[in-house]
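The data block below is model-v5.cif; it holds mmCIF, C-alpha atoms.
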data_query
#
loop_
_atom_site.label_atom_id
_atom_site.label_comp_id
_atom_site.auth_asym_id
_atom_site.auth_seq_id
_atom_site.Cartn_x
_atom_site.Cartn_y
_atom_site.Cartn_z
CA MET A 1 -22.82 44.28 -127.76
CA GLY A 2 -26.09 45.66 -126.28
CA ALA A 3 -24.32 46.24 -122.99
CA ILE A 4 -21.62 48.27 -124.77
CA ARG A 5 -24.25 50.43 -126.50
CA LYS A 6 -25.99 51.00 -123.17
CA ALA A 7 -22.73 52.01 -121.47
CA THR A 8 -21.89 54.37 -124.34
CA PHE A 9 -25.38 55.91 -124.16
CA LEU A 10 -25.04 56.48 -120.42
CA ALA A 11 -21.61 58.09 -120.88
CA VAL A 12 -23.02 60.47 -123.49
CA LEU A 13 -25.88 61.38 -121.17
CA MET A 14 -23.42 62.15 -118.35
CA MET A 15 -21.30 64.31 -120.65
CA ILE A 16 -24.36 66.26 -121.81
CA SER A 17 -25.46 66.67 -118.20
CA GLY A 18 -22.00 67.99 -117.28
CA LEU A 19 -22.07 70.45 -120.17
CA ALA A 20 -25.51 71.60 -119.09
CA GLY A 21 -24.12 72.26 -115.65
CA CYS A 22 -21.32 74.36 -117.13
CA ILE A 23 -23.81 76.29 -119.25
CA GLY A 24 -25.97 76.81 -116.18
CA ASN A 25 -23.01 78.21 -114.27
CA GLU A 26 -22.34 80.70 -117.06
CA ASP A 27 -25.98 81.79 -116.85
CA ASP A 28 -25.52 82.24 -113.10
CA ASP A 29 -22.85 84.89 -113.81
CA SER A 30 -25.48 87.01 -115.53
CA SER A 31 -27.75 86.82 -112.49
CA GLN A 32 -25.28 88.36 -110.06
CA GLU A 33 -26.66 90.95 -107.67
CA ILE A 34 -27.16 94.31 -109.36
CA VAL A 35 -26.15 97.42 -107.42
CA ALA A 36 -26.90 100.88 -108.79
CA VAL A 37 -24.26 103.42 -107.79
CA PHE A 38 -23.64 106.92 -109.08
CA THR A 39 -21.66 110.06 -108.34
CA TYR A 40 -22.05 113.59 -109.64
CA SER A 41 -19.86 116.64 -110.11
CA PRO A 42 -19.95 119.23 -108.71
CA ALA A 43 -20.99 117.35 -105.57
CA THR A 44 -21.83 120.49 -103.57
CA ASN A 45 -22.85 124.10 -104.14
CA ILE A 46 -24.78 123.30 -107.33
CA ARG A 47 -26.11 126.49 -108.88
CA ALA A 48 -29.08 127.09 -111.10
CA GLY A 49 -28.09 126.85 -114.75
CA GLN A 50 -24.91 124.87 -113.98
CA THR A 51 -24.22 121.63 -115.89
CA ILE A 52 -23.90 118.57 -113.61
CA ASP A 53 -22.06 115.45 -114.77
CA PHE A 54 -23.44 112.10 -113.55
CA ASP A 55 -21.37 108.90 -113.56
CA ALA A 56 -22.60 105.34 -112.86
CA ARG A 57 -19.31 103.52 -113.52
CA ASP A 58 -19.21 102.02 -110.01
CA SER A 59 -22.45 100.10 -110.50
CA LEU A 60 -22.21 96.32 -110.16
CA PRO A 61 -21.59 93.74 -111.44
CA SER A 62 -18.60 94.93 -113.38
CA GLY A 63 -17.79 93.20 -116.66
CA VAL A 64 -21.49 92.64 -117.42
CA ALA A 65 -23.44 94.56 -120.06
CA LEU A 66 -25.76 96.86 -118.14
CA THR A 67 -28.27 99.49 -119.16
CA TYR A 68 -28.65 102.79 -117.30
CA LYS A 69 -31.74 104.96 -117.10
CA TRP A 70 -31.82 108.37 -115.40
CA ASP A 71 -34.73 110.33 -113.94
CA PHE A 72 -33.39 113.74 -112.95
CA ASP A 73 -36.54 115.48 -111.75
CA GLY A 74 -38.49 112.80 -109.90
CA ASP A 75 -41.39 112.68 -112.40
CA GLN A 76 -40.97 108.91 -113.02
CA SER A 77 -40.00 109.46 -116.66
CA ILE A 78 -36.64 108.67 -118.23
CA ASP A 79 -34.61 111.82 -118.97
CA ALA A 80 -31.38 110.17 -120.19
CA THR A 81 -29.73 106.79 -120.78
CA GLY A 82 -26.13 105.60 -120.68
CA ARG A 83 -23.49 105.17 -118.00
CA ASN A 84 -22.66 108.89 -118.12
CA ALA A 85 -25.13 111.73 -118.47
CA ASP A 86 -25.38 115.45 -117.72
CA TRP A 87 -28.25 117.68 -116.66
CA THR A 88 -28.98 121.29 -115.83
CA TYR A 89 -31.56 122.66 -113.41
CA PRO A 90 -32.76 126.15 -114.39
CA GLU A 91 -34.51 126.81 -111.06
CA THR A 92 -33.41 126.58 -107.42
CA GLY A 93 -34.83 123.85 -105.17
CA GLU A 94 -34.35 120.24 -104.12
CA TYR A 95 -34.46 117.54 -106.80
CA THR A 96 -34.48 113.76 -106.52
CA VAL A 97 -32.26 111.93 -109.01
CA GLU A 98 -32.96 108.23 -109.63
CA LEU A 99 -30.70 105.77 -111.46
CA ILE A 100 -32.09 102.42 -112.67
CA VAL A 101 -29.55 99.76 -113.66
CA SER A 102 -30.57 96.56 -115.47
CA ASP A 103 -28.88 93.48 -116.94
CA GLY A 104 -31.92 92.69 -119.10
CA SER A 105 -33.46 90.33 -116.56
CA ASN A 106 -33.15 92.11 -113.23
CA SER A 107 -32.86 95.74 -112.24
CA GLN A 108 -32.06 97.85 -109.22
CA SER A 109 -32.41 101.56 -108.52
CA THR A 110 -30.96 104.16 -106.19
CA SER A 111 -31.75 107.81 -105.65
CA LYS A 112 -30.15 110.93 -104.17
CA THR A 113 -31.43 114.40 -103.38
CA LEU A 114 -29.65 117.41 -104.86
CA THR A 115 -29.95 120.98 -103.65
CA VAL A 116 -29.73 123.67 -106.34
CA VAL A 117 -29.06 127.22 -105.13
CA ASP A 118 -29.20 130.66 -106.68
CA ALA A 119 -26.37 131.36 -109.12
CA THR A 120 -25.37 134.53 -107.24
CA ALA A 121 -25.37 133.04 -103.71
CA LEU A 122 -22.11 133.25 -101.75
CA PRO A 123 -20.72 130.12 -100.06
CA PRO A 124 -19.80 129.99 -96.36
CA GLU A 125 -16.25 129.43 -95.09
CA ALA A 126 -15.68 126.59 -92.62
CA GLU A 127 -12.85 126.91 -90.11
CA ILE A 128 -11.90 124.64 -87.21
CA THR A 129 -10.08 126.47 -84.43
CA SER A 130 -6.62 125.03 -83.77
CA PHE A 131 -5.09 124.91 -80.28
CA SER A 132 -2.66 123.03 -78.06
CA SER A 133 -2.44 122.24 -74.36
CA ASP A 134 -0.49 124.89 -72.45
CA GLU A 135 2.01 122.35 -71.11
CA ASP A 136 2.98 118.73 -71.59
CA CYS A 137 3.28 116.27 -68.71
CA GLU A 138 6.76 117.57 -67.80
CA GLY A 139 5.64 121.18 -67.54
CA GLU A 140 7.16 122.21 -70.87
CA ASP A 141 5.36 124.54 -73.28
CA VAL A 142 3.56 122.82 -76.17
CA ASP A 143 4.05 124.16 -79.70
CA GLU A 144 1.02 125.52 -81.51
CA GLY A 145 0.24 125.18 -85.21
CA SER A 146 -2.53 124.42 -87.69
CA TYR A 147 -3.60 121.39 -85.65
CA ILE A 148 -5.01 120.38 -82.27
CA HIS A 149 -2.59 118.85 -79.77
CA VAL A 150 -3.97 117.69 -76.42
CA TRP A 151 -1.99 116.14 -73.58
CA ILE A 152 -3.49 113.67 -71.09
CA CYS A 153 -1.40 113.72 -67.90
CA ASP A 154 -2.08 110.86 -65.50
CA LEU A 155 0.52 111.62 -62.86
CA GLU A 156 1.13 109.92 -59.51
CA LYS A 157 -0.52 106.66 -60.57
CA SER A 158 -0.80 103.78 -58.12
CA LEU A 159 1.67 100.95 -58.59
CA SER A 160 -1.27 98.55 -58.57
CA SER A 161 -2.27 99.97 -61.99
CA ARG A 162 0.72 99.76 -64.31
CA ASN A 163 -1.18 100.39 -67.55
CA ALA A 164 -0.40 103.61 -69.37
CA GLU A 165 -3.84 104.37 -70.74
CA GLY A 166 -6.28 107.24 -70.54
CA GLU A 167 -9.07 109.18 -72.22
CA THR A 168 -10.02 112.82 -72.51
CA ASP A 169 -12.67 115.11 -74.00
CA VAL A 170 -11.51 117.31 -76.87
CA GLN A 171 -13.38 120.59 -77.32
CA LEU A 172 -14.04 121.32 -81.00
CA ASP A 173 -14.79 124.90 -82.02
CA ALA A 174 -16.12 126.19 -85.36
CA SER A 175 -17.00 129.70 -84.19
CA ASP A 176 -14.49 131.26 -86.61
CA SER A 177 -16.55 129.98 -89.56
CA THR A 178 -18.47 132.56 -91.60
CA SER A 179 -21.78 132.38 -93.45
CA GLY A 180 -20.64 133.99 -96.72
CA SER A 181 -22.52 137.29 -96.52
CA SER A 182 -23.83 139.62 -93.85
CA ASP A 183 -27.45 138.75 -94.62
CA ASP A 184 -26.92 135.02 -94.34
CA TYR A 185 -26.36 132.57 -91.47
CA ILE A 186 -24.92 129.11 -90.83
CA SER A 187 -27.74 126.62 -90.46
CA THR A 188 -25.82 123.40 -89.70
CA TYR A 189 -22.45 122.33 -88.32
CA HIS A 190 -21.64 118.66 -88.97
CA TRP A 191 -18.50 117.04 -87.54
CA ASP A 192 -16.97 113.89 -89.04
CA LEU A 193 -14.66 112.33 -86.44
CA ASN A 194 -12.99 109.83 -88.79
CA LEU A 195 -12.30 110.87 -92.37
CA GLU A 196 -11.11 107.34 -93.20
CA PHE A 197 -14.38 105.60 -92.28
CA ASP A 198 -17.71 105.87 -94.11
CA ALA A 199 -20.07 105.56 -91.14
CA ASP A 200 -23.29 106.32 -93.05
CA GLY A 201 -22.43 104.05 -96.00
CA ASP A 202 -23.11 106.64 -98.70
CA GLY A 203 -19.76 106.10 -100.43
CA ASP A 204 -18.24 109.31 -99.05
CA ALA A 205 -16.03 108.87 -95.96
CA THR A 206 -15.76 112.62 -95.38
CA ASN A 207 -19.39 113.63 -94.79
CA ASP A 208 -20.54 111.57 -91.79
CA ASN A 209 -22.52 113.48 -89.18
CA ASP A 210 -20.96 112.25 -85.93
CA LEU A 211 -21.58 115.44 -83.93
CA GLU A 212 -23.61 118.61 -84.52
CA GLY A 213 -23.07 122.12 -83.26
CA GLU A 214 -20.84 125.17 -83.46
CA THR A 215 -18.88 124.03 -80.39
CA VAL A 216 -18.97 120.38 -79.34
CA ALA A 217 -17.23 118.02 -76.94
CA TRP A 218 -15.63 114.99 -78.56
CA LYS A 219 -15.75 112.56 -75.66
CA ASP A 220 -13.53 109.68 -74.52
CA VAL A 221 -10.69 110.25 -76.98
CA LYS A 222 -7.74 107.90 -76.48
CA PRO A 223 -4.08 108.66 -77.26
CA GLY A 224 -3.47 108.68 -81.00
CA GLU A 225 -3.44 110.72 -84.18
CA TYR A 226 -6.75 111.59 -85.83
CA GLU A 227 -8.03 113.55 -88.81
CA ILE A 228 -11.48 115.07 -88.45
CA GLY A 229 -13.67 117.22 -90.68
CA LEU A 230 -16.27 119.96 -90.38
CA THR A 231 -19.00 120.66 -92.95
CA ILE A 232 -21.19 123.74 -92.61
CA THR A 233 -24.27 124.81 -94.56
CA ASN A 234 -25.54 128.36 -94.79
CA GLY A 235 -29.11 129.56 -95.10
CA LYS A 236 -29.00 129.50 -98.90
CA GLY A 237 -27.98 125.84 -98.95
CA LEU A 238 -24.32 126.32 -99.87
CA VAL A 239 -21.71 124.26 -98.03
CA ASP A 240 -18.02 124.37 -97.18
CA SER A 241 -15.68 121.98 -95.38
CA ASP A 242 -12.52 122.12 -93.31
CA ASP A 243 -10.37 119.38 -91.79
CA ILE A 244 -7.70 119.27 -89.12
CA LYS A 245 -5.27 116.87 -87.50
CA VAL A 246 -5.84 116.05 -83.84
CA TYR A 247 -2.97 114.68 -81.76
CA VAL A 248 -3.61 113.22 -78.32
CA SER A 249 -0.42 112.53 -76.36
CA TYR A 250 -0.25 110.86 -72.98
CA GLY A 251 1.96 110.83 -69.91
CA ALA A 252 1.82 108.61 -66.81
CA SER A 253 4.10 108.63 -63.78
CA TRP A 254 4.65 106.43 -60.74
CA LEU A 255 6.39 107.92 -57.71
CA ASP A 256 8.34 106.61 -54.73
CA PHE A 257 8.15 102.83 -55.07
CA GLU A 258 10.47 99.90 -54.54
CA ILE A 259 11.51 97.17 -56.93
CA ALA A 260 12.60 93.89 -55.41
CA ARG A 261 16.14 92.54 -55.77
CA THR A 262 17.14 89.94 -58.29
CA THR A 263 17.31 86.44 -56.84
CA SER A 264 18.73 84.54 -59.81
CA GLN A 265 20.85 85.12 -62.88
CA ASN A 266 18.05 87.18 -64.41
CA PRO A 267 17.15 90.69 -63.19
CA ASN A 268 13.87 91.38 -61.44
CA GLN A 269 11.60 93.39 -63.73
CA LEU A 270 8.51 95.44 -63.00
CA ASP A 271 6.35 95.72 -66.14
CA PHE A 272 4.44 98.79 -67.34
CA ASP A 273 2.10 98.22 -70.30
CA PHE A 274 1.04 100.62 -73.04
CA GLU A 275 -0.50 100.57 -76.53
CA VAL A 276 0.96 102.30 -79.57
CA HIS A 277 -0.50 102.95 -83.03
CA TYR A 278 1.44 103.04 -86.26
CA ASP A 279 -0.86 102.81 -89.26
CA ASN A 280 0.08 104.92 -92.27
CA ASP A 281 -3.14 104.06 -94.13
CA ALA A 282 -5.30 105.33 -91.28
CA GLY A 283 -2.99 108.30 -90.62
CA ASN A 284 -2.42 107.21 -87.02
CA THR A 285 1.31 107.11 -86.36
CA ILE A 286 3.06 107.59 -83.05
CA ARG A 287 6.10 109.88 -83.07
CA LYS A 288 7.96 108.34 -80.14
CA VAL A 289 7.66 106.71 -76.74
CA VAL A 290 9.91 107.92 -73.93
CA GLY A 291 10.59 106.28 -70.57
CA LYS A 292 12.29 108.32 -67.84
CA LEU A 293 13.60 106.74 -64.67
CA MET A 294 15.10 108.49 -61.63
CA TYR A 295 16.52 106.58 -58.67
CA PRO A 296 19.19 107.01 -55.94
CA ALA A 297 22.76 106.60 -57.14
CA LYS A 298 23.41 104.76 -53.88
CA ASP A 299 20.43 103.16 -52.24
CA GLU A 300 20.00 103.32 -48.47
CA PRO A 301 20.45 101.71 -46.05
CA CYS A 302 23.91 100.62 -47.19
CA LEU A 303 26.06 98.25 -45.16
CA PRO A 304 29.62 99.38 -44.33
CA GLY A 305 32.06 98.44 -47.07
CA ALA A 306 29.33 97.88 -49.68
CA SER A 307 29.12 100.04 -52.78
CA CYS A 308 25.31 99.97 -52.97
CA VAL A 309 25.43 101.47 -56.45
CA GLY A 310 21.98 101.48 -58.01
CA ARG A 311 21.73 99.38 -61.16
CA LEU A 312 18.30 100.02 -62.60
CA ASP A 313 17.52 100.05 -66.32
CA LEU A 314 14.62 100.29 -68.72
CA VAL A 315 13.87 97.50 -71.19
CA ALA A 316 11.22 97.61 -73.98
CA PHE A 317 9.37 94.58 -75.39
CA ASN A 318 6.79 94.30 -78.17
CA GLU A 319 3.63 92.21 -77.82
CA GLU A 320 5.44 89.06 -78.96
CA GLY A 321 7.89 89.48 -76.10
CA ASP A 322 10.81 90.45 -78.33
CA GLU A 323 13.26 92.82 -76.67
CA ALA A 324 13.50 95.92 -78.85
CA THR A 325 16.00 98.01 -76.89
CA SER A 326 17.23 98.79 -73.38
CA THR A 327 19.46 101.17 -71.42
CA GLU A 328 21.71 98.43 -70.09
CA PRO A 329 25.39 99.39 -70.51
CA THR A 330 27.84 97.01 -72.13
CA ASP A 331 30.05 97.07 -69.03
CA ASN A 332 28.68 96.88 -65.49
CA SER A 333 31.38 99.28 -64.28
CA GLN A 334 29.64 101.95 -66.34
CA TYR A 335 26.95 102.09 -63.66
CA GLU A 336 29.54 103.68 -61.39
CA SER A 337 30.21 106.48 -63.88
CA ARG A 338 26.78 106.78 -65.45
CA ASP A 339 26.12 110.37 -66.57
CA SER A 340 22.95 111.01 -64.67
CA ASN A 341 22.02 114.56 -65.69
CA CYS A 342 20.41 114.61 -62.26
CA ASP A 343 21.22 115.80 -58.76
CA ASP A 344 24.51 114.58 -57.36
CA ASP A 345 22.90 111.73 -55.48
CA LYS A 346 20.51 110.60 -58.25
CA TYR A 347 20.69 108.66 -61.50
CA CYS A 348 18.37 109.58 -64.36
CA VAL A 349 17.95 107.10 -67.20
CA ASP A 350 16.00 107.82 -70.40
CA LEU A 351 14.88 105.31 -73.03
CA THR A 352 13.43 106.62 -76.32
CA LEU A 353 11.58 104.35 -78.74
CA SER A 354 11.49 106.00 -82.15
CA SER A 355 8.54 105.65 -84.50
CA TYR A 356 10.67 103.43 -86.74
CA LEU A 357 10.58 100.65 -84.15
CA PHE A 358 6.79 100.44 -84.49
CA THR A 359 6.63 100.07 -88.26
CA ASP A 360 5.48 96.76 -89.69
CA SER A 361 8.25 95.75 -92.05
CA GLU A 362 10.41 92.73 -92.71
CA SER A 363 13.44 94.41 -91.18
CA ASP A 364 14.93 92.75 -88.11
CA SER A 365 15.18 96.16 -86.48
CA THR A 366 11.43 96.91 -86.42
CA TYR A 367 8.88 95.36 -84.07
CA GLY A 368 5.37 96.52 -85.06
CA ASP A 369 2.78 98.43 -83.06
CA GLY A 370 0.09 97.20 -80.69
CA ASP A 371 0.61 96.23 -77.06
CA TRP A 372 4.06 96.99 -75.68
CA THR A 373 5.79 96.72 -72.31
CA MET A 374 8.52 98.83 -70.77
CA SER A 375 10.10 97.23 -67.72
CA VAL A 376 12.01 98.76 -64.84
CA SER A 377 14.81 96.23 -64.41
CA ASN A 378 16.76 95.73 -61.16
CA ASN A 379 20.18 94.26 -61.86
CA GLU A 380 21.37 94.23 -58.25
CA THR A 381 20.94 91.74 -55.41
CA TYR A 382 19.21 94.17 -53.08
CA ASN A 383 15.93 96.01 -53.22
CA GLN A 384 16.10 99.34 -55.00
CA GLN A 385 14.09 102.48 -54.37
CA VAL A 386 12.65 104.44 -57.34
CA ASP A 387 11.96 108.16 -57.06
CA ARG A 388 9.98 108.46 -60.30
CA TYR A 389 9.19 106.54 -63.45
CA LEU A 390 7.58 108.57 -66.26
CA LEU A 391 6.20 107.08 -69.48
CA LEU A 392 5.29 109.37 -72.40
CA LEU A 393 3.35 108.46 -75.57
CA ILE A 394 4.04 111.34 -77.96
CA TYR A 395 1.97 111.65 -81.15
CA LYS A 396 3.10 115.15 -82.22
#
As structure tokens:
Amino acid sequence: MGAIRKATFLAVLMMISGLAGCIGNEDDDSSQEIVAVFTYSPATNIRAGQTIDFDARDSLPSGVALTYKWDFDGDQSIDATGRNADWTYPETGEYTVELIVSDGSNSQSTSKTLTVVDATALPPEAEITSFSSDEDCEGEDVDEGSYIHVWICDLEKSLSSRNAEGETDVQLDASDSTSGSSDDYISTYHWDLNLEFDADGDGDATNDNDLEGETVAWKDVKPGEYEIGLTITNGKGLVDSDDIKVYVSYGASWLDFEIARTTSQNPNQLDFDFEVHYDNDAGNTIRKVVGKLMYPAKDEPCLPGASCVGRLDLVAFNEEGDEATSTEPTDNSQYESRDSNCDDDKYCVDLTLSSYLFTDSESDSTYGDGDWTMSVSNNETYNQQVDRYLLLLIYK
């Protein structure tokens, strides 16, 4: 009987200990890291006498009762309490705002500096100059619009380097910006080269200072679609912003080379690699990829009695090696009558990969972006000469 009482006592102790652990875990929830975060509106061009609304709703942890204390003038005294507050500065100048957040046991604070300007001051006007390359990689005029479109043309590449990749410097110009009034000036030009990424960690992805200056060189830009921003400040402390789309397209060509004959049931293929981007969230979406192949309709030398009809095609694969599309005709006799759109003795073959092919969906007809390959495929049992292979990555 004593043994039973002892066992029961031990069981009760274990249950109490388990409950204590549960209670302790609940207490741990209240000791989560506290992060003080606040925003204010208007966020720029704050004028003397203007009411500013402050909001600390993004402070952490969420779902926990927190207290909020505000010091709006940097004098270490509490000017307001509550998650939301408003304040007015009657005089111009710079003011430090501090928010202190507490859960009753622990607290954390953060501060920001506000610039208050004269109520009659005029704001500047930011403007990024738009432009396009004069010609694309085929010598055609490039359309102009409210964007920047730059072509990288890497022509006459060596066959030993079959990667379609390149970089360029993009010249950014804000000289059309104005200060707001004839007696004012622009004191700073700040360029944010990625409006989707918060490089300085201040909670605003559109105000990073990646480059400074009225005209700047954005270096080593790869093919793709970008959205960049400009923020200017005038002498009275007022600011304005502008943003613009930047498209960087690319063309590479290989001239006068030979592709070996097929020696088995499968064609011999010469691979050319390229990278494509299709990301709607980041605003980086390719428009299309185009391959252009020109080769002799009848390759020489040709033995008497042989047709020697060239049978070259383009085939596109995604990074998993799935064949997306090709120019191969359904009937081999169609090589004889292929509409070349070339000189009489040449065949020209074009393969266009639409942007739809690069989307990431569950459809069997899409293949995703990333690393791709376009192959020049020799379907004949003799070596074939190629006059030109051109690969275009078009983002606009």
Carefully work through the PyMOL selection byres ((chain A and resi 104-106) around 8) for this structure and note down the residues it includes, as a PyMOL selection string.
chain A and resi 31+34+66-67+102-103+107-108
Could you please take those selected residues and save C-alpha atoms as an mmCIF file, in the coordinates of the input?
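Heads up, here's the output in result_7.cif:
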data_model
loop_
_atom_site.group_PDB
_atom_site.id
_atom_site.type_symbol
_atom_site.label_atom_id
_atom_site.label_comp_id
_atom_site.auth_asym_id
_atom_site.auth_seq_id
_atom_site.Cartn_x
_atom_site.Cartn_y
_atom_site.Cartn_z
ATOM 1 C CA SER A 31 -27.750 86.820 -112.490
ATOM 2 C CA ILE A 34 -27.160 94.310 -109.360
ATOM 3 C CA LEU A 66 -25.760 96.860 -118.140
ATOM 4 C CA THR A 67 -28.270 99.490 -119.160
ATOM 5 C CA SER A 102 -30.570 96.560 -115.470
ATOM 6 C CA ASP A 103 -28.880 93.480 -116.940
ATOM 7 C CA SER A 107 -32.860 95.740 -112.240
ATOM 8 C CA GLN A 108 -32.060 97.850 -109.220
#
Taking the file as shown, find all residues satisfying the PyMOL selection byres ((chain A and resi 149) around 10) and write them as a PDB file with C-alpha atoms, in the frame of the given file.
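Output saved as out-v8.pdb:
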ATOM      1  CA  SER A 130      -6.620 125.030 -83.770  1.00  0.00           C
ATOM      2  CA  PHE A 131      -5.090 124.910 -80.280  1.00  0.00           C
ATOM      3  CA  SER A 132      -2.660 123.030 -78.060  1.00  0.00           C
ATOM      4  CA  SER A 133      -2.440 122.240 -74.360  1.00  0.00           C
ATOM      5  CA  ASP A 134      -0.490 124.890 -72.450  1.00  0.00           C
ATOM      6  CA  ASP A 136       2.980 118.730 -71.590  1.00  0.00           C
ATOM      7  CA  VAL A 142       3.560 122.820 -76.170  1.00  0.00           C
ATOM      8  CA  ASP A 143       4.050 124.160 -79.700  1.00  0.00           C
ATOM      9  CA  GLU A 144       1.020 125.520 -81.510  1.00  0.00           C
ATOM     10  CA  GLY A 145       0.240 125.180 -85.210  1.00  0.00           C
ATOM     11  CA  SER A 146      -2.530 124.420 -87.690  1.00  0.00           C
ATOM     12  CA  TYR A 147      -3.600 121.390 -85.650  1.00  0.00           C
ATOM     13  CA  ILE A 148      -5.010 120.380 -82.270  1.00  0.00           C
ATOM     14  CA  VAL A 150      -3.970 117.690 -76.420  1.00  0.00           C
ATOM     15  CA  TRP A 151      -1.990 116.140 -73.580  1.00  0.00           C
ATOM     16  CA  VAL A 170     -11.510 117.310 -76.870  1.00  0.00           C
ATOM     17  CA  GLU A 225      -3.440 110.720 -84.180  1.00  0.00           C
ATOM     18  CA  LYS A 245      -5.270 116.870 -87.500  1.00  0.00           C
ATOM     19  CA  VAL A 246      -5.840 116.050 -83.840  1.00  0.00           C
ATOM     20  CA  TYR A 247      -2.970 114.680 -81.760  1.00  0.00           C
ATOM     21  CA  VAL A 248      -3.610 113.220 -78.320  1.00  0.00           C
ATOM     22  CA  SER A 249      -0.420 112.530 -76.360  1.00  0.00           C
ATOM     23  CA  TYR A 395       1.970 111.650 -81.150  1.00  0.00           C
ATOM     24  CA  LYS A 396       3.100 115.150 -82.220  1.00  0.00           C
TER      25      LYS A 396
END
I'd like the interatomic distance between atom CA of A:Leu351 and atom CA of A:Thr285, to a tenth of an Å.
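Taking atom CA of A:Leu351 as the start and atom CA of A:Thr285 as the end point, the length is 19.1 Å.
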Among listed residues A:Ile186, A:Leu270, A:Glu275, A:Ile52, nearest A:Glu125 (using all atoms listed in the file)
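Closest residue, counting all atoms listed in the file: A:Ile186.
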In Å to one decimal, how far is atom CA of A:Thr92 from atom CA of A:Ile46?
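These two atoms are separated by 9.2 Å.
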Go through A:Asn84, A:Val376, A:Phe54, A:Tyr89 and flag the residue nearest A:Ala260, using only C-alpha atoms for the distances.
A:Val376
Just the residues within 12 Å of A:Ala43, please, counting only C-alpha atoms, with nothing from its chain fewer than 4 positions along; format it as an MDAnalysis selection string.
chainID A and resid 38:39 47 50:55 112:116 204 207 238:240
